[in-house]
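Step one of this worksheet: look at the structure below.
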Amino acid sequence: MRIYDETLKSRLMLGTARYPSPQILKQAILASGAEIVTVSLRREAAGERAGQKFWDLIRETGVKVLPNTAGCHSVREAVTTAQMAREVFRTNLVKLEVIGDADTLQPDLFGLVEATRILTEDGFQVLAYTTEDLVAADRLVEAGCRVLMPWGSPIGSARGLNNVYGLRAMRARFPDLTLLVDAGIGVPSHAAQAMELGYDGVLLSSAVALAGNPVTMARGFRLAVEAGRLAFEADPLQPRDMAEASTPVLGQALLGGAVFA
Amino acid sequence: MRIILNGEPAEVSAATLAAALDELGYGEGPFATALNHDFVPAGERRERQLAEGDAIEIIAPMQGG
């Protein structure tokens, strides 16, 4: 999977929030096989050192980080957060979130396009958290975005892929662009479905972090993402309305039953 | 002078952002700063003068989704 100038073997990106403990987070990252994890920035009091401890833990895993602008509701807030993240995490990558609706955490697509333009011109490599809206996607690409991450369903909802048609249309519109489904994944079958649609990867967080056993679930997602990708590459059988016998009928003995041929 | 530090009132005598960070006890740790909603790169903190009522934000790595 290509993320700007990085080529990754794993097609799974993992969030780092809401794990039961730092140790379980670390084990889950390793079990998932993810090469990129998402991180964030929050206020820190003097002497607190929580940020340093978390940063040390992530570095121990050896994975790359993708800072997000989670919680930002305006272009200015998102741009400033991205600039601060670039300095702290020393990467030009940013998962750009400009949230427009408090209930669904739906991206503000107008603000997203504007922030993408500003950040791209400033040398950032933007991974845009967006919807399946094709017009917004066109604008994001025009603004210099090379990785689009449409939602499967609202963040943390575990509803899976709400709009398979829309996601399929987006894949068809941008055959060469890196596309990941981000948000709303609940179980590995959701991730496999996204991969079967031809998405380059998935980004998920709560589905692993809030599972009863995050480490086992991380492994489940790893296998599902691999299985879904293999299915896509193997050109799957298309659904049909009626049965088609899988066992050849040619040469079948006539033993008194009905013949349907 | 009175400033706003991470949304809370605070008192500093330092004249620059860098000096205020020292005075407030922020060490070398990984963090980034903003002054009145604008990012201030680490290399510019020594030149950035503070004024009464300035809002400083200091943010550090945290778990994210």
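Labels for the structure tokens follow display order: chains A, B, ..., residues from 1 in each chain, ligands from 1.
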
**Request:** With a distance cut-off of 9 Å and only C-alpha atoms, select the neighbouring residues of A:Val39, excluding the residue or stretch itself and same-chain residues fewer than 4 positions from it, and output the selection as a PyMOL selection string.
**Result:** (chain A and resi 15-17+65-68) or (chain B and resi 61-65)

Written file, previous selection with N, CA, C and O atoms, as a PDB file, in the first residue's frame:
```
ATOM      1  N   GLY A  15      -5.575   2.686  15.387  1.00  0.00           N
ATOM      2  CA  GLY A  15      -5.584   3.776  16.365  1.00  0.00           C
ATOM      3  C   GLY A  15      -4.955   3.325  17.664  1.00  0.00           C
ATOM      4  O   GLY A  15      -4.775   2.122  17.902  1.00  0.00           O
ATOM      5  N   THR A  16      -4.623   4.272  18.515  1.00  0.00           N
ATOM      6  CA  THR A  16      -3.931   3.938  19.766  1.00  0.00           C
ATOM      7  C   THR A  16      -4.745   4.329  20.999  1.00  0.00           C
ATOM      8  O   THR A  16      -4.269   4.170  22.123  1.00  0.00           O
ATOM      9  N   ALA A  17      -5.961   4.827  20.802  1.00  0.00           N
ATOM     10  CA  ALA A  17      -6.728   5.365  21.934  1.00  0.00           C
ATOM     11  C   ALA A  17      -7.627   4.310  22.574  1.00  0.00           C
ATOM     12  O   ALA A  17      -8.079   3.379  21.910  1.00  0.00           O
ATOM     13  N   VAL A  65       4.157   6.836  12.790  1.00  0.00           N
ATOM     14  CA  VAL A  65       2.958   7.459  13.360  1.00  0.00           C
ATOM     15  C   VAL A  65       2.268   8.365  12.341  1.00  0.00           C
ATOM     16  O   VAL A  65       2.903   8.945  11.461  1.00  0.00           O
ATOM     17  N   LEU A  66       0.969   8.408  12.501  1.00  0.00           N
ATOM     18  CA  LEU A  66       0.122   9.280  11.684  1.00  0.00           C
ATOM     19  C   LEU A  66      -0.640  10.189  12.649  1.00  0.00           C
ATOM     20  O   LEU A  66      -1.631   9.763  13.248  1.00  0.00           O
ATOM     21  N   PRO A  67      -0.185  11.420  12.825  1.00  0.00           N
ATOM     22  CA  PRO A  67      -0.905  12.334  13.736  1.00  0.00           C
ATOM     23  C   PRO A  67      -2.260  12.708  13.156  1.00  0.00           C
ATOM     24  O   PRO A  67      -2.386  12.901  11.944  1.00  0.00           O
ATOM     25  N   ASN A  68      -3.252  12.808  14.018  1.00  0.00           N
ATOM     26  CA  ASN A  68      -4.567  13.235  13.545  1.00  0.00           C
ATOM     27  C   ASN A  68      -4.901  14.636  14.071  1.00  0.00           C
ATOM     28  O   ASN A  68      -4.194  15.188  14.913  1.00  0.00           O
TER      29      ASN A  68
ATOM     30  N   PRO B  61       2.170  14.568  22.900  1.00  0.00           N
ATOM     31  CA  PRO B  61       1.618  13.355  22.294  1.00  0.00           C
ATOM     32  C   PRO B  61       0.578  12.691  23.179  1.00  0.00           C
ATOM     33  O   PRO B  61       0.713  12.653  24.399  1.00  0.00           O
ATOM     34  N   MET B  62      -0.437  12.168  22.539  1.00  0.00           N
ATOM     35  CA  MET B  62      -1.481  11.446  23.233  1.00  0.00           C
ATOM     36  C   MET B  62      -2.051  10.389  22.298  1.00  0.00           C
ATOM     37  O   MET B  62      -1.905  10.482  21.088  1.00  0.00           O
ATOM     38  N   GLN B  63      -2.715   9.407  22.892  1.00  0.00           N
ATOM     39  CA  GLN B  63      -3.358   8.356  22.101  1.00  0.00           C
ATOM     40  C   GLN B  63      -4.386   8.977  21.154  1.00  0.00           C
ATOM     41  O   GLN B  63      -5.070   9.945  21.518  1.00  0.00           O
ATOM     42  N   GLY B  64      -4.499   8.404  19.979  1.00  0.00           N
ATOM     43  CA  GLY B  64      -5.459   8.946  19.006  1.00  0.00           C
ATOM     44  C   GLY B  64      -6.076   7.849  18.155  1.00  0.00           C
ATOM     45  O   GLY B  64      -5.526   6.751  18.048  1.00  0.00           O
ATOM     46  N   GLY B  65      -7.212   8.164  17.563  1.00  0.00           N
ATOM     47  CA  GLY B  65      -7.889   7.167  16.731  1.00  0.00           C
ATOM     48  C   GLY B  65      -7.880   7.554  15.274  1.00  0.00           C
ATOM     49  O   GLY B  65      -7.241   8.501  14.874  1.00  0.00           O
TER      50      GLY B  65
END
```

**Request:** Write out as a ChimeraX atom specification each polymer residue whose atoms come within 12 Å of A:Leu96, counting only C-alpha atoms; drop sequence neighbours fewer than 6 positions from it.
**Result:** /A:38-40,66-75,77-83,85,107-109,111-120,124-130,140,145,147-150,182 /B:65

Pull N, CA and C atoms from the residues just selected and write them as a short mmCIF file (atom, residue, chain, number, x, y, z; two decimals), in the first residue's frame.
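After the write, result11.cif holds the following:
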```cif
data_model
loop_
_atom_site.label_atom_id
_atom_site.label_comp_id
_atom_site.auth_asym_id
_atom_site.auth_seq_id
_atom_site.Cartn_x
_atom_site.Cartn_y
_atom_site.Cartn_z
N THR A 38 -2.20 5.70 14.47
CA THR A 38 -2.59 7.10 14.61
C THR A 38 -2.34 7.59 16.03
N VAL A 39 -1.94 8.84 16.11
CA VAL A 39 -1.65 9.47 17.41
C VAL A 39 -2.27 10.86 17.39
N SER A 40 -2.30 11.48 18.56
CA SER A 40 -2.93 12.78 18.66
C SER A 40 -2.12 13.69 19.58
N LEU A 66 0.97 8.41 12.50
CA LEU A 66 0.12 9.28 11.68
C LEU A 66 -0.64 10.19 12.65
N PRO A 67 -0.18 11.42 12.83
CA PRO A 67 -0.90 12.33 13.74
C PRO A 67 -2.26 12.71 13.16
N ASN A 68 -3.25 12.81 14.02
CA ASN A 68 -4.57 13.23 13.54
C ASN A 68 -4.90 14.64 14.07
N THR A 69 -5.97 15.19 13.52
CA THR A 69 -6.46 16.48 14.02
C THR A 69 -7.84 16.26 14.64
N ALA A 70 -7.97 15.14 15.35
CA ALA A 70 -9.26 14.78 15.94
C ALA A 70 -9.77 15.89 16.84
N GLY A 71 -11.06 16.10 16.80
CA GLY A 71 -11.68 17.09 17.68
C GLY A 71 -11.67 18.50 17.11
N CYS A 72 -11.04 18.69 15.95
CA CYS A 72 -10.99 20.03 15.37
C CYS A 72 -12.27 20.30 14.56
N HIS A 73 -12.89 21.44 14.83
CA HIS A 73 -14.15 21.78 14.17
C HIS A 73 -13.99 22.96 13.22
N SER A 74 -12.80 23.51 13.11
CA SER A 74 -12.61 24.63 12.19
C SER A 74 -11.31 24.42 11.42
N VAL A 75 -11.22 25.11 10.28
CA VAL A 75 -10.03 25.02 9.44
C VAL A 75 -8.81 25.50 10.22
N GLU A 77 -8.24 25.68 13.43
CA GLU A 77 -7.87 24.75 14.50
C GLU A 77 -7.14 23.53 13.92
N ALA A 78 -7.67 23.00 12.83
CA ALA A 78 -7.07 21.82 12.22
C ALA A 78 -5.68 22.13 11.66
N VAL A 79 -5.54 23.27 11.02
CA VAL A 79 -4.25 23.64 10.44
C VAL A 79 -3.21 23.85 11.55
N THR A 80 -3.59 24.56 12.59
CA THR A 80 -2.64 24.80 13.70
C THR A 80 -2.26 23.48 14.37
N THR A 81 -3.24 22.62 14.57
CA THR A 81 -2.96 21.32 15.19
C THR A 81 -2.00 20.51 14.32
N ALA A 82 -2.22 20.53 13.02
CA ALA A 82 -1.33 19.80 12.10
C ALA A 82 0.09 20.35 12.18
N GLN A 83 0.21 21.66 12.24
CA GLN A 83 1.54 22.26 12.33
C GLN A 83 2.25 21.85 13.62
N ALA A 85 1.62 19.15 15.35
CA ALA A 85 1.88 17.71 15.28
C ALA A 85 3.14 17.44 14.45
N PRO A 107 -17.43 14.61 8.66
CA PRO A 107 -16.49 15.65 8.27
C PRO A 107 -17.20 16.85 7.66
N ASP A 108 -16.69 18.04 7.95
CA ASP A 108 -17.11 19.27 7.27
C ASP A 108 -16.32 19.31 5.96
N LEU A 109 -16.94 18.90 4.88
CA LEU A 109 -16.22 18.72 3.62
C LEU A 109 -15.69 20.04 3.06
N GLY A 111 -14.72 22.70 4.88
CA GLY A 111 -13.54 23.02 5.68
C GLY A 111 -12.40 22.06 5.38
N LEU A 112 -12.73 20.82 5.12
CA LEU A 112 -11.71 19.80 4.84
C LEU A 112 -10.93 20.16 3.58
N VAL A 113 -11.65 20.57 2.54
CA VAL A 113 -10.98 20.94 1.28
C VAL A 113 -10.08 22.16 1.51
N GLU A 114 -10.60 23.13 2.23
CA GLU A 114 -9.81 24.35 2.48
C GLU A 114 -8.55 24.03 3.29
N ALA A 115 -8.72 23.25 4.35
CA ALA A 115 -7.56 22.90 5.18
C ALA A 115 -6.56 22.06 4.40
N THR A 116 -7.06 21.17 3.55
CA THR A 116 -6.17 20.34 2.72
C THR A 116 -5.31 21.22 1.81
N ARG A 117 -5.95 22.23 1.21
CA ARG A 117 -5.21 23.12 0.32
C ARG A 117 -4.10 23.85 1.08
N ILE A 118 -4.44 24.37 2.24
CA ILE A 118 -3.47 25.13 3.05
C ILE A 118 -2.30 24.21 3.45
N LEU A 119 -2.63 23.03 3.92
CA LEU A 119 -1.59 22.13 4.43
C LEU A 119 -0.72 21.56 3.31
N THR A 120 -1.34 21.23 2.19
CA THR A 120 -0.57 20.69 1.06
C THR A 120 0.43 21.72 0.55
N PHE A 124 2.65 19.46 3.70
CA PHE A 124 2.07 18.30 4.39
C PHE A 124 1.63 17.24 3.38
N GLN A 125 1.60 16.00 3.86
CA GLN A 125 1.04 14.88 3.10
C GLN A 125 -0.26 14.50 3.79
N VAL A 126 -1.35 14.91 3.19
CA VAL A 126 -2.65 14.84 3.85
C VAL A 126 -3.37 13.52 3.54
N LEU A 127 -3.82 12.87 4.59
CA LEU A 127 -4.75 11.74 4.48
C LEU A 127 -6.08 12.28 4.97
N ALA A 128 -7.00 12.49 4.05
CA ALA A 128 -8.22 13.22 4.38
C ALA A 128 -9.32 12.28 4.86
N TYR A 129 -9.79 12.52 6.08
CA TYR A 129 -10.95 11.80 6.60
C TYR A 129 -12.19 12.45 6.00
N THR A 130 -12.84 11.73 5.09
CA THR A 130 -13.90 12.32 4.30
C THR A 130 -15.12 11.40 4.29
N LEU A 140 -10.72 17.48 -3.18
CA LEU A 140 -9.57 17.12 -2.34
C LEU A 140 -8.36 16.75 -3.19
N CYS A 145 -4.45 16.33 -2.32
CA CYS A 145 -4.54 15.15 -1.46
C CYS A 145 -4.35 13.88 -2.29
N VAL A 147 -4.30 10.65 -0.60
CA VAL A 147 -4.88 9.53 0.16
C VAL A 147 -6.23 9.98 0.72
N LEU A 148 -7.28 9.34 0.21
CA LEU A 148 -8.63 9.66 0.72
C LEU A 148 -9.09 8.55 1.65
N MET A 149 -9.72 8.96 2.74
CA MET A 149 -10.18 7.97 3.72
C MET A 149 -11.66 8.22 4.02
N PRO A 150 -12.55 7.68 3.16
CA PRO A 150 -13.98 7.83 3.43
C PRO A 150 -14.40 7.00 4.64
N ASP A 182 -12.05 4.43 6.66
CA ASP A 182 -11.69 4.87 8.01
C ASP A 182 -12.99 5.10 8.77
N GLY B 65 -7.21 8.16 17.56
CA GLY B 65 -7.89 7.17 16.73
C GLY B 65 -7.88 7.55 15.27
#
```

**Fill in**
The residue from B:Ala51, B:Leu21, B:Met1, B:Ala14 with the smallest atom-to-atom distance to chain A, counting only C-alpha atoms, is B:Leu21

**Prompt:** If you count only C-alpha atoms, which residues fall within 10 Å of stretch 210-222 of chain A, apart from same-chain ones fewer than 3 positions away, as a count of residues only?
**Reply:** 36

**Prompt:** Near stretch 4-13 of chain B, counting only C-alpha atoms, which residues have an atom at most 7 Å away, once you skip same-chain residues fewer than 6 positions from it, shown as a PyMOL selection string?
**Reply:** (chain A and resi 43) or (chain B and resi 20+53-58)

With all heavy atoms kept, could you save the residues just selected as a PDB file, in the first residue's frame?
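What landed in selection_12.pdb:
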```pdb
ATOM      1  N   ARG A  43      -3.511  18.905  25.511  1.00  0.00           N
ATOM      2  CA  ARG A  43      -2.882  19.770  26.502  1.00  0.00           C
ATOM      3  C   ARG A  43      -2.124  18.951  27.551  1.00  0.00           C
ATOM      4  O   ARG A  43      -2.607  17.909  27.981  1.00  0.00           O
ATOM      5  CB  ARG A  43      -3.952  20.588  27.221  1.00  0.00           C
ATOM      6  CG  ARG A  43      -4.533  21.697  26.380  1.00  0.00           C
ATOM      7  CD  ARG A  43      -5.728  22.283  27.062  1.00  0.00           C
ATOM      8  NE  ARG A  43      -6.139  23.533  26.442  1.00  0.00           N
ATOM      9  CZ  ARG A  43      -7.264  24.171  26.733  1.00  0.00           C
ATOM     10  NH1 ARG A  43      -8.089  23.677  27.644  1.00  0.00           N
ATOM     11  NH2 ARG A  43      -7.561  25.311  26.142  1.00  0.00           N
TER      12      ARG A  43
ATOM     13  N   ALA B  20       8.919  31.721  29.638  1.00  0.00           N
ATOM     14  CA  ALA B  20       7.702  31.335  30.365  1.00  0.00           C
ATOM     15  C   ALA B  20       7.627  29.816  30.509  1.00  0.00           C
ATOM     16  O   ALA B  20       7.243  29.305  31.564  1.00  0.00           O
ATOM     17  CB  ALA B  20       6.469  31.863  29.640  1.00  0.00           C
ATOM     18  N   GLY B  53      -2.517  38.879  29.104  1.00  0.00           N
ATOM     19  CA  GLY B  53      -3.710  38.247  28.551  1.00  0.00           C
ATOM     20  C   GLY B  53      -3.452  37.257  27.424  1.00  0.00           C
ATOM     21  O   GLY B  53      -4.404  36.677  26.891  1.00  0.00           O
ATOM     22  N   ASP B  54      -2.186  37.062  27.055  1.00  0.00           N
ATOM     23  CA  ASP B  54      -1.874  36.105  25.979  1.00  0.00           C
ATOM     24  C   ASP B  54      -2.356  34.705  26.340  1.00  0.00           C
ATOM     25  O   ASP B  54      -2.292  34.292  27.509  1.00  0.00           O
ATOM     26  CB  ASP B  54      -0.356  36.040  25.736  1.00  0.00           C
ATOM     27  CG  ASP B  54       0.099  37.100  24.741  1.00  0.00           C
ATOM     28  OD1 ASP B  54      -0.771  37.759  24.136  1.00  0.00           O
ATOM     29  OD2 ASP B  54       1.323  37.270  24.580  1.00  0.00           O
ATOM     30  N   ALA B  55      -2.801  33.977  25.331  1.00  0.00           N
ATOM     31  CA  ALA B  55      -3.236  32.585  25.536  1.00  0.00           C
ATOM     32  C   ALA B  55      -2.179  31.643  24.981  1.00  0.00           C
ATOM     33  O   ALA B  55      -1.884  31.666  23.784  1.00  0.00           O
ATOM     34  CB  ALA B  55      -4.574  32.349  24.843  1.00  0.00           C
ATOM     35  N   ILE B  56      -1.613  30.846  25.875  1.00  0.00           N
ATOM     36  CA  ILE B  56      -0.594  29.869  25.469  1.00  0.00           C
ATOM     37  C   ILE B  56      -1.198  28.476  25.519  1.00  0.00           C
ATOM     38  O   ILE B  56      -1.857  28.119  26.501  1.00  0.00           O
ATOM     39  CB  ILE B  56       0.631  29.923  26.422  1.00  0.00           C
ATOM     40  CG1 ILE B  56       1.268  31.315  26.431  1.00  0.00           C
ATOM     41  CG2 ILE B  56       1.664  28.860  26.034  1.00  0.00           C
ATOM     42  CD1 ILE B  56       2.376  31.464  27.447  1.00  0.00           C
ATOM     43  N   GLU B  57      -0.974  27.721  24.455  1.00  0.00           N
ATOM     44  CA  GLU B  57      -1.373  26.314  24.454  1.00  0.00           C
ATOM     45  C   GLU B  57      -0.128  25.452  24.363  1.00  0.00           C
ATOM     46  O   GLU B  57       0.757  25.713  23.535  1.00  0.00           O
ATOM     47  CB  GLU B  57      -2.297  26.010  23.256  1.00  0.00           C
ATOM     48  CG  GLU B  57      -3.655  26.663  23.318  1.00  0.00           C
ATOM     49  CD  GLU B  57      -4.618  25.994  24.298  1.00  0.00           C
ATOM     50  OE1 GLU B  57      -4.414  24.806  24.633  1.00  0.00           O
ATOM     51  OE2 GLU B  57      -5.584  26.661  24.710  1.00  0.00           O
ATOM     52  N   ILE B  58      -0.049  24.447  25.225  1.00  0.00           N
ATOM     53  CA  ILE B  58       1.081  23.522  25.208  1.00  0.00           C
ATOM     54  C   ILE B  58       0.504  22.113  25.072  1.00  0.00           C
ATOM     55  O   ILE B  58      -0.226  21.656  25.952  1.00  0.00           O
ATOM     56  CB  ILE B  58       1.909  23.649  26.502  1.00  0.00           C
ATOM     57  CG1 ILE B  58       2.423  25.084  26.629  1.00  0.00           C
ATOM     58  CG2 ILE B  58       3.069  22.643  26.497  1.00  0.00           C
ATOM     59  CD1 ILE B  58       3.003  25.415  27.958  1.00  0.00           C
TER      60      ILE B  58
END
```

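When atom CA of B:Leu35 is paired with atom CA of A:Ala143, their separation reads 27.8 Å.
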
**Message:** as a ChimeraX atom specification, please: every residue in chain B that a backbone DSSP assignment puts in strand (DSSP E).
**Reply:** /B:2-5,8-11,32-35,38-40,55-63

Could you turn the residues from that selection into a file that holds N, CA, C and O atoms, as a JSON list (two decimals), in the first residue's frame?
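Result written to again_15.json:
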```json
[["chain", "number", "residue", "atom", "x", "y", "z"],
["B", 2, "ARG", "N", -0.51, 38.38, 33.82],
["B", 2, "ARG", "CA", -1.51, 37.32, 33.77],
["B", 2, "ARG", "C", -1.63, 36.80, 32.33],
["B", 2, "ARG", "O", -1.74, 37.58, 31.40],
["B", 3, "ILE", "N", -1.58, 35.50, 32.22],
["B", 3, "ILE", "CA", -1.76, 34.87, 30.91],
["B", 3, "ILE", "C", -2.82, 33.77, 31.05],
["B", 3, "ILE", "O", -3.29, 33.50, 32.15],
["B", 4, "ILE", "N", -3.16, 33.18, 29.94],
["B", 4, "ILE", "CA", -4.03, 32.01, 29.97],
["B", 4, "ILE", "C", -3.18, 30.84, 29.49],
["B", 4, "ILE", "O", -2.67, 30.84, 28.37],
["B", 5, "LEU", "N", -3.03, 29.83, 30.36],
["B", 5, "LEU", "CA", -2.21, 28.67, 30.03],
["B", 5, "LEU", "C", -3.12, 27.46, 29.90],
["B", 5, "LEU", "O", -3.75, 27.04, 30.88],
["B", 8, "GLU", "N", -6.47, 27.95, 31.39],
["B", 8, "GLU", "CA", -6.59, 28.34, 32.80],
["B", 8, "GLU", "C", -5.75, 29.59, 33.06],
["B", 8, "GLU", "O", -4.67, 29.74, 32.50],
["B", 9, "PRO", "N", -6.21, 30.49, 33.96],
["B", 9, "PRO", "CA", -5.41, 31.67, 34.29],
["B", 9, "PRO", "C", -4.09, 31.28, 34.95],
["B", 9, "PRO", "O", -4.05, 30.32, 35.73],
["B", 10, "ALA", "N", -3.03, 31.99, 34.60],
["B", 10, "ALA", "CA", -1.72, 31.72, 35.21],
["B", 10, "ALA", "C", -0.96, 33.04, 35.29],
["B", 10, "ALA", "O", -1.33, 34.03, 34.64],
["B", 11, "GLU", "N", 0.08, 33.05, 36.10],
["B", 11, "GLU", "CA", 0.88, 34.25, 36.33],
["B", 11, "GLU", "C", 2.33, 33.92, 35.96],
["B", 11, "GLU", "O", 2.86, 32.90, 36.41],
["B", 32, "ALA", "N", 4.48, 20.89, 21.72],
["B", 32, "ALA", "CA", 4.46, 22.00, 20.76],
["B", 32, "ALA", "C", 3.66, 23.14, 21.39],
["B", 32, "ALA", "O", 2.84, 22.93, 22.28],
["B", 33, "THR", "N", 3.92, 24.35, 20.89],
["B", 33, "THR", "CA", 3.30, 25.52, 21.51],
["B", 33, "THR", "C", 2.53, 26.36, 20.48],
["B", 33, "THR", "O", 2.90, 26.42, 19.30],
["B", 34, "ALA", "N", 1.48, 26.98, 21.00],
["B", 34, "ALA", "CA", 0.74, 27.97, 20.20],
["B", 34, "ALA", "C", 0.52, 29.19, 21.07],
["B", 34, "ALA", "O", 0.37, 29.09, 22.30],
["B", 35, "LEU", "N", 0.54, 30.34, 20.43],
["B", 35, "LEU", "CA", 0.31, 31.59, 21.14],
["B", 35, "LEU", "C", -0.85, 32.30, 20.45],
["B", 35, "LEU", "O", -0.79, 32.57, 19.24],
["B", 38, "ASP", "N", -2.07, 30.66, 17.26],
["B", 38, "ASP", "CA", -1.13, 30.45, 16.15],
["B", 38, "ASP", "C", 0.05, 29.60, 16.63],
["B", 38, "ASP", "O", 0.59, 29.84, 17.71],
["B", 39, "PHE", "N", 0.44, 28.64, 15.81],
["B", 39, "PHE", "CA", 1.58, 27.78, 16.12],
["B", 39, "PHE", "C", 2.86, 28.62, 16.23],
["B", 39, "PHE", "O", 3.12, 29.49, 15.40],
["B", 40, "VAL", "N", 3.63, 28.35, 17.28],
["B", 40, "VAL", "CA", 4.95, 28.97, 17.41],
["B", 40, "VAL", "C", 5.99, 27.85, 17.39],
["B", 40, "VAL", "O", 6.08, 27.06, 18.34],
["B", 55, "ALA", "N", -2.80, 33.98, 25.33],
["B", 55, "ALA", "CA", -3.24, 32.59, 25.54],
["B", 55, "ALA", "C", -2.18, 31.64, 24.98],
["B", 55, "ALA", "O", -1.88, 31.67, 23.78],
["B", 56, "ILE", "N", -1.61, 30.85, 25.88],
["B", 56, "ILE", "CA", -0.59, 29.87, 25.47],
["B", 56, "ILE", "C", -1.20, 28.48, 25.52],
["B", 56, "ILE", "O", -1.86, 28.12, 26.50],
["B", 57, "GLU", "N", -0.97, 27.72, 24.45],
["B", 57, "GLU", "CA", -1.37, 26.31, 24.45],
["B", 57, "GLU", "C", -0.13, 25.45, 24.36],
["B", 57, "GLU", "O", 0.76, 25.71, 23.53],
["B", 58, "ILE", "N", -0.05, 24.45, 25.23],
["B", 58, "ILE", "CA", 1.08, 23.52, 25.21],
["B", 58, "ILE", "C", 0.50, 22.11, 25.07],
["B", 58, "ILE", "O", -0.23, 21.66, 25.95],
["B", 59, "ILE", "N", 0.82, 21.46, 23.96],
["B", 59, "ILE", "CA", 0.21, 20.16, 23.73],
["B", 59, "ILE", "C", 1.29, 19.11, 23.45],
["B", 59, "ILE", "O", 2.35, 19.41, 22.89],
["B", 60, "ALA", "N", 1.00, 17.91, 23.91],
["B", 60, "ALA", "CA", 1.98, 16.81, 23.87],
["B", 60, "ALA", "C", 1.33, 15.57, 23.25],
["B", 60, "ALA", "O", 0.11, 15.50, 23.11],
["B", 61, "PRO", "N", 2.17, 14.57, 22.90],
["B", 61, "PRO", "CA", 1.62, 13.35, 22.29],
["B", 61, "PRO", "C", 0.58, 12.69, 23.18],
["B", 61, "PRO", "O", 0.71, 12.65, 24.40],
["B", 62, "MET", "N", -0.44, 12.17, 22.54],
["B", 62, "MET", "CA", -1.48, 11.45, 23.23],
["B", 62, "MET", "C", -2.05, 10.39, 22.30],
["B", 62, "MET", "O", -1.90, 10.48, 21.09],
["B", 63, "GLN", "N", -2.71, 9.41, 22.89],
["B", 63, "GLN", "CA", -3.36, 8.36, 22.10],
["B", 63, "GLN", "C", -4.39, 8.98, 21.15],
["B", 63, "GLN", "O", -5.07, 9.94, 21.52]]
```

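Atom CA of A:Gly144 to atom CA of A:Leu105 spans 23.8 Å [interatomic distance, one decimal].
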
**Request:** Choose the residue, out of B:Asn36, B:Tyr26, B:Glu52, B:Arg45, that has the smallest atom-to-atom separation from chain A; count only C-alpha atoms.
**Result:** B:Tyr26

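Our summary of the geometry notes that atom CA of A:Gly201 is positioned 13.4 Å from atom CA of A:Asp176.
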
**Item:** Per-residue DSSP, chain B, filtered to alpha helix (DSSP H), as a ChimeraX atom specification
**Value:** /B:17-24

Output for the residues just chosen: N, CA and C atoms as a short mmCIF file (atom, residue, chain, number, x, y, z; two decimals), in the first residue's frame:
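And here's out-v5.cif as it stands now:
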```cif
data_model
loop_
_atom_site.label_atom_id
_atom_site.label_comp_id
_atom_site.auth_asym_id
_atom_site.auth_seq_id
_atom_site.Cartn_x
_atom_site.Cartn_y
_atom_site.Cartn_z
N LEU B 17 8.14 33.61 25.34
CA LEU B 17 7.47 32.31 25.43
C LEU B 17 8.44 31.26 25.97
N ALA B 18 9.68 31.27 25.49
CA ALA B 18 10.66 30.27 25.94
C ALA B 18 10.91 30.42 27.44
N ALA B 19 11.06 31.66 27.90
CA ALA B 19 11.32 31.89 29.33
C ALA B 19 10.11 31.49 30.16
N ALA B 20 8.92 31.72 29.64
CA ALA B 20 7.70 31.33 30.36
C ALA B 20 7.63 29.82 30.51
N LEU B 21 8.02 29.09 29.47
CA LEU B 21 7.99 27.62 29.54
C LEU B 21 8.94 27.13 30.63
N ASP B 22 10.12 27.76 30.71
CA ASP B 22 11.08 27.40 31.77
C ASP B 22 10.48 27.70 33.13
N GLU B 23 9.93 28.90 33.24
CA GLU B 23 9.37 29.34 34.53
C GLU B 23 8.22 28.43 34.99
N LEU B 24 7.43 27.97 34.03
CA LEU B 24 6.28 27.13 34.37
C LEU B 24 6.65 25.67 34.61
#
```

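Using only C-alpha atoms, the smallest distance between any of A:Ala194, A:Val135, A:Ala253, A:Leu203 and A:Lys95 comes from A:Leu203.
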
As a compact mmCIF listing (two decimals) with C-alpha atoms, in the first residue's frame, please: the residues near A:Gln52 (cut-off 12 Å, only C-alpha atoms, same-chain neighbours under 5 positions excluded).
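The resulting file, out-v2.txt, is shown below:
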```txt
# COMPACT_ATOMS: atom_id res chain seq x y z
CA LEU A 41 -2.00 15.84 20.72
CA GLU A 44 -0.22 18.81 28.98
CA ALA A 46 4.03 21.05 33.48
CA GLY A 47 5.75 18.00 34.96
CA LEU A 57 5.94 3.37 24.16
CA ILE A 58 5.06 3.98 20.52
CA ARG A 59 8.70 4.28 19.57
CA VAL A 88 6.30 16.99 17.76
CA PHE A 89 6.11 13.82 15.65
CA TYR B 26 8.11 22.56 31.11
CA GLY B 27 11.32 20.67 30.40
CA GLU B 28 12.69 19.24 27.21
CA GLY B 29 9.81 16.85 26.64
CA PRO B 30 8.02 16.45 23.35
CA PHE B 31 5.49 19.26 23.14
CA ILE B 59 0.21 20.16 23.73
CA ALA B 60 1.98 16.81 23.87
CA PRO B 61 1.62 13.35 22.29
CA MET B 62 -1.48 11.45 23.23
CA GLN B 63 -3.36 8.36 22.10
```
